[in-house]
Amino acid sequence: MSTATQVLAVPRNSVLTRACDYAELTKLRVTTLIVMTAWCGYYFGALKSGSSSLSWRLFHALLGIALIAGGTAALNELMECDIDSQMRRTALRPLPAGRMSLLHAGIVGGLMTIGGALYLGLALNPLTGWLSLATSAVYLAAYTPLKKIHPICTFVGAFPGAMPGVLGWTAARGRLDWGALVMFAIVFFWQFPHFFSIAWLYREDYAAGSVRMLPVVEPDGRSTARQTILYSIGLIPVSLAPSVLHMSGRIYFAGALVMGLVLFAFGVRLARLQLPLSAARSKQRARHLLQATVFYLPLLFALMMINTVSS
């Protein structure tokens with residue numbers, strides 16, 4: 001390799017590494033799902049206003065929500081740097097691995113969070129700006145510290161976690177309606193089988209980081225399985241509400257019912273095993289439940305929007 005090639009290779013790799021670190025710091029995959037959920041909320045909010053077409057308002061909404069979601073994720077990783085350093089699945093993140101300073105992460109996270117809220121408030125409406133800031137505050141000030149104190153952290157964290165669809169709705173409408181509540185409730189109930197299955201899979205890792213998720217404090221898994229089933233049951237009627245409110249049609253109703261029953265079946269399948277959380281078979285079924293939840297939410301929202309377009 002020539003000297004010129006070596007010189008060119010270093011900055012290219014450095015830029016790529018930095019980009020990957022920023023993607024990890026802002027939890028790009030989670031942020032992308034948040035933006036998709038907000039898009040769905042915006043779509044139905046705009047539909048109620050008489051216009052569902054793409055517009056600059058949608059661009060402003062998704063950009064602002066992406067900024068505050070990514071900034072909140074960065075501040076969360078800053079606050080949990082010590083926890084991440086103790087867990088294998090997070091030890092290579094840029095902060096615990098030492099590739100990025102705490103000050104740098106704090107500046108980036110703070111600017112993105114405050115900037116995103118201000119952007120939403122100025123470019124769209126004050127309600128969306130304030131709601132986004134409140135969502136970030138609850139996530140950072142309540143959910144994040146509670147993770148080391150009590151399993152109720154999952155319930156508390158489900159509130160800010162269910163807000164993206166609401167933010168999309170208010171970005172389009174400028175006010176809260178029943179449709180926004182439906183968007184909130186769907187994601188709220190969905191989060192429990194999703195995050196309980198993650199905690200079931202990575203129980204040992206969470207225990208090493210002193211994260212007191214329910215599967216960590218309860219090794220037999222009975223309460224975790226029971227709550228997974230209960231929230232999966234609750235998700236079924238909640239997911240059918242868009243048809244009742246004429247947000248989507250009969251095709252969506254049938255699809256949501258089938259998907260809800262399938263997700264419930266995965267939860268029952270895990271609960272019926274009655275093995276300790278550390279058992280290989282129980283982890284395998286927890287992984288199957290996690291995969292089902294990952295497919296469920298985007299498919300549900302896609303069907304909700306497609307059926308509206310075709311009805």
# chains A, B, ... in the order shown; residues from 1 in each chain; ligands from 1
>>> residues_around(residues="stretch 299-302 of chain A", least_positions_apart="4", cutoff="7 Å", atoms="only C-alpha atoms", output="JSON, numbers by chain")
{"A": [40, 256, 295, 306]}
>>> write_last_selection(atoms="C-alpha atoms", output="short mmCIF file (atom, residue, chain, number, x, y, z; two decimals), in the first residue's frame")
data_model
loop_
_atom_site.label_atom_id
_atom_site.label_comp_id
_atom_site.auth_asym_id
_atom_site.auth_seq_id
_atom_site.Cartn_x
_atom_site.Cartn_y
_atom_site.Cartn_z
CA CYS A 40 -48.24 7.10 11.60
CA ALA A 256 -55.04 -6.56 13.96
CA PHE A 295 -42.64 -7.64 13.57
CA ILE A 306 -52.76 1.04 3.97
#
>>> closest_atom_pairs(of="stretch 217-268 of chain A", to="stretch 167-191 of chain A", cutoff="10 Å", atoms="only C-alpha atoms", output="tab-separated table")
residue	atom	partner	partner_atom	distance
A:Thr228	CA	A:Trp190	CA	9.5
A:Leu230	CA	A:Phe189	CA	9.4
A:Tyr231	CA	A:Phe189	CA	5.6
A:Ser232	CA	A:Phe189	CA	7.0
A:Ile233	CA	A:Phe189	CA	9.1
A:Gly234	CA	A:Phe189	CA	6.8
A:Leu235	CA	A:Phe189	CA	5.4
A:Ile236	CA	A:Ile186	CA	8.9
A:Pro237	CA	A:Ile186	CA	9.4
A:Val238	CA	A:Ile186	CA	6.0
A:Ser239	CA	A:Ile186	CA	5.8
A:Leu240	CA	A:Ile186	CA	9.3
A:Ala241	CA	A:Val182	CA	6.8
A:Pro242	CA	A:Val182	CA	7.0
A:Leu245	CA	A:Gly179	CA	7.5
A:His246	CA	A:Gly179	CA	9.6
A:Met247	CA	A:Gly179	CA	7.8
A:Gly260	CA	A:Trp190	CA	9.8
A:Leu263	CA	A:Trp190	CA	9.6
>>> closest_residue(among="A:Leu25, A:Leu92, A:Ala162, A:Ala61", to="A:Thr128", atoms="only C-alpha atoms")
A:Ala61
>>> select_by_dssp(residues="stretch 17-225 of chain A", states="helix (DSSP H, G or I)", output="VMD selection string")
chain A and resid 17 to 25 28 to 48 56 to 79 81 to 86 102 to 123 126 to 146 153 to 161 164 to 173 178 to 201 203 to 208 214 to 217 222 to 225
>>> write_last_selection(atoms="C-alpha atoms", output="short mmCIF file (atom, residue, chain, number, x, y, z; two decimals), in the first residue's frame")
data_model
loop_
_atom_site.label_atom_id
_atom_site.label_comp_id
_atom_site.auth_asym_id
_atom_site.auth_seq_id
_atom_site.Cartn_x
_atom_site.Cartn_y
_atom_site.Cartn_z
CA THR A 17 -15.99 5.04 13.31
CA ARG A 18 -17.28 8.40 14.53
CA ALA A 19 -20.49 8.02 12.51
CA CYS A 20 -21.05 4.56 14.01
CA ASP A 21 -20.43 5.96 17.49
CA TYR A 22 -23.02 8.69 16.96
CA ALA A 23 -25.49 6.11 15.66
CA GLU A 24 -24.88 4.03 18.80
CA LEU A 25 -25.05 7.05 21.10
CA LEU A 28 -30.40 4.92 15.75
CA ARG A 29 -32.54 1.79 15.40
CA VAL A 30 -34.80 2.76 18.29
CA THR A 31 -34.96 6.36 17.06
CA THR A 32 -35.96 5.11 13.61
CA LEU A 33 -38.85 3.12 15.10
CA ILE A 34 -39.90 6.22 17.08
CA VAL A 35 -39.91 8.32 13.90
CA MET A 36 -41.96 5.68 12.05
CA THR A 37 -44.51 5.62 14.87
CA ALA A 38 -44.65 9.42 14.87
CA TRP A 39 -45.22 9.36 11.10
CA CYS A 40 -48.24 7.10 11.60
CA GLY A 41 -49.60 9.44 14.27
CA TYR A 42 -49.05 12.44 11.99
CA TYR A 43 -50.76 10.68 9.10
CA PHE A 44 -53.97 10.07 11.02
CA GLY A 45 -53.87 13.48 12.66
CA ALA A 46 -53.54 15.10 9.23
CA LEU A 47 -56.32 12.87 7.88
CA LYS A 48 -58.66 14.17 10.56
CA TRP A 56 -43.19 20.46 5.01
CA ARG A 57 -45.10 20.09 8.28
CA LEU A 58 -44.43 16.36 8.18
CA PHE A 59 -40.75 17.01 7.52
CA HIS A 60 -40.59 19.42 10.47
CA ALA A 61 -42.40 16.91 12.71
CA LEU A 62 -40.18 13.94 11.90
CA LEU A 63 -36.97 15.97 12.07
CA GLY A 64 -37.85 17.51 15.43
CA ILE A 65 -38.97 14.19 16.92
CA ALA A 66 -35.82 12.47 15.62
CA LEU A 67 -33.68 15.17 17.24
CA ILE A 68 -35.29 14.94 20.65
CA ALA A 69 -35.43 11.12 20.56
CA GLY A 70 -31.77 10.84 19.62
CA GLY A 71 -30.77 13.48 22.16
CA THR A 72 -32.69 11.77 24.94
CA ALA A 73 -31.05 8.47 24.05
CA ALA A 74 -27.62 10.12 24.24
CA LEU A 75 -28.36 11.60 27.68
CA ASN A 76 -29.67 8.22 28.81
CA GLU A 77 -26.41 6.55 27.79
CA LEU A 78 -24.51 9.29 29.61
CA MET A 79 -26.48 8.63 32.80
CA CYS A 81 -22.43 4.76 31.45
CA ASP A 82 -21.51 2.82 34.62
CA ILE A 83 -24.30 0.30 34.02
CA ASP A 84 -23.35 -0.16 30.37
CA SER A 85 -19.75 -0.86 31.32
CA GLN A 86 -20.91 -3.83 33.44
CA LEU A 102 -18.87 12.16 28.77
CA LEU A 103 -18.72 15.90 28.14
CA HIS A 104 -18.98 15.43 24.38
CA ALA A 105 -21.97 13.10 24.77
CA GLY A 106 -23.63 15.51 27.19
CA ILE A 107 -23.24 18.47 24.84
CA VAL A 108 -24.54 16.50 21.85
CA GLY A 109 -27.46 15.04 23.81
CA GLY A 110 -28.40 18.34 25.42
CA LEU A 111 -28.29 20.31 22.17
CA MET A 112 -30.33 17.70 20.31
CA THR A 113 -32.96 17.44 23.07
CA ILE A 114 -33.46 21.15 23.68
CA GLY A 115 -33.03 21.95 19.99
CA GLY A 116 -35.59 19.33 18.98
CA ALA A 117 -38.19 20.62 21.45
CA LEU A 118 -37.64 24.22 20.35
CA TYR A 119 -37.80 23.22 16.70
CA LEU A 120 -41.13 21.43 17.19
CA GLY A 121 -42.54 24.35 19.17
CA LEU A 122 -41.48 27.01 16.67
CA ALA A 123 -41.93 25.16 13.39
CA PRO A 126 -46.17 24.88 21.28
CA LEU A 127 -48.17 21.82 22.39
CA THR A 128 -45.93 19.42 20.47
CA GLY A 129 -42.81 21.16 21.72
CA TRP A 130 -43.85 21.00 25.37
CA LEU A 131 -45.10 17.41 25.12
CA SER A 132 -41.82 16.29 23.55
CA LEU A 133 -39.83 18.00 26.30
CA ALA A 134 -42.04 16.46 29.01
CA THR A 135 -41.59 13.03 27.40
CA SER A 136 -37.82 13.41 27.51
CA ALA A 137 -37.92 14.64 31.11
CA VAL A 138 -39.99 11.67 32.35
CA TYR A 139 -37.72 9.23 30.53
CA LEU A 140 -34.54 10.73 31.99
CA ALA A 141 -35.71 11.87 35.43
CA ALA A 142 -38.07 8.99 36.32
CA TYR A 143 -37.56 5.89 34.19
CA THR A 144 -33.75 5.95 33.99
CA PRO A 145 -33.01 6.20 37.76
CA LEU A 146 -35.85 3.79 38.62
CA CYS A 153 -39.48 1.18 36.03
CA THR A 154 -40.99 -0.74 33.09
CA PHE A 155 -44.46 0.63 33.81
CA VAL A 156 -43.15 4.19 34.26
CA GLY A 157 -41.00 3.96 31.15
CA ALA A 158 -43.97 2.80 29.08
CA PHE A 159 -45.49 6.30 29.33
CA PRO A 160 -42.73 8.23 27.52
CA GLY A 161 -42.22 5.19 25.30
CA PRO A 164 -44.23 9.17 19.57
CA GLY A 165 -47.62 8.58 17.95
CA VAL A 166 -49.13 11.29 20.15
CA LEU A 167 -46.41 13.75 19.13
CA GLY A 168 -47.05 12.97 15.48
CA TRP A 169 -50.77 13.54 16.00
CA THR A 170 -50.36 16.88 17.77
CA ALA A 171 -47.81 17.97 15.16
CA ALA A 172 -50.55 17.61 12.55
CA ARG A 173 -53.58 18.69 14.60
CA TRP A 178 -59.29 10.31 20.95
CA GLY A 179 -57.19 9.15 18.01
CA ALA A 180 -54.03 10.30 19.80
CA LEU A 181 -55.07 8.29 22.86
CA VAL A 182 -55.49 5.19 20.68
CA MET A 183 -51.99 5.64 19.23
CA PHE A 184 -50.67 6.00 22.77
CA ALA A 185 -52.50 2.94 24.12
CA ILE A 186 -51.35 0.61 21.34
CA VAL A 187 -47.66 1.32 21.93
CA PHE A 188 -48.15 1.40 25.72
CA PHE A 189 -49.52 -2.16 25.87
CA TRP A 190 -47.10 -3.46 23.21
CA GLN A 191 -44.05 -2.40 25.21
CA PHE A 192 -44.58 -4.92 28.02
CA PRO A 193 -44.24 -8.18 26.06
CA HIS A 194 -41.45 -6.51 24.06
CA PHE A 195 -39.31 -5.34 26.98
CA PHE A 196 -40.09 -8.28 29.25
CA SER A 197 -38.84 -10.65 26.55
CA ILE A 198 -35.64 -8.59 26.22
CA ALA A 199 -35.11 -8.63 29.98
CA TRP A 200 -35.83 -12.37 30.03
CA LEU A 201 -33.14 -12.98 27.40
CA ARG A 203 -31.37 -11.33 32.64
CA GLU A 204 -27.78 -12.13 33.63
CA ASP A 205 -26.53 -9.02 31.87
CA TYR A 206 -29.09 -6.80 33.58
CA ALA A 207 -28.22 -8.38 36.95
CA ALA A 208 -24.54 -7.60 36.37
CA LEU A 214 -38.85 -7.80 36.87
CA PRO A 215 -37.08 -10.87 35.38
CA VAL A 216 -33.97 -9.96 37.40
CA VAL A 217 -35.64 -9.75 40.81
CA ARG A 222 -43.99 -16.40 36.92
CA SER A 223 -44.87 -12.74 37.44
CA THR A 224 -43.08 -11.80 34.22
CA ALA A 225 -45.03 -14.39 32.26
#
>>> closest_residue(among="A:Lys27, A:Ser14, A:Lys283, A:Gly255", to="A:Arg99", atoms="only C-alpha atoms")
A:Ser14
>>> atom_distance(atom1="atom CA of A:Ala97", atom2="atom CA of A:Ile149")
25.1 Å
>>> atom_distance(atom1="atom CA of A:His288", atom2="atom CA of A:Ser243")
28.4 Å
>>> closest_residue(among="A:Arg285, A:Arg212, A:Arg250, A:Arg93", to="A:His150", atoms="only C-alpha atoms")
A:Arg212
>>> closest_residue(among="A:Met87, A:Ala271, A:Ile251, A:Leu95", to="A:Val211", atoms="only C-alpha atoms")
A:Met87
>>> atom_distance(atom1="atom CA of A:Pro298", atom2="atom CA of A:Val258")
14.7 Å
>>> closest_residue(among="A:Ile229, A:Gly221, A:Asn307, A:Leu257", to="A:Leu277", atoms="only C-alpha atoms")
A:Gly221
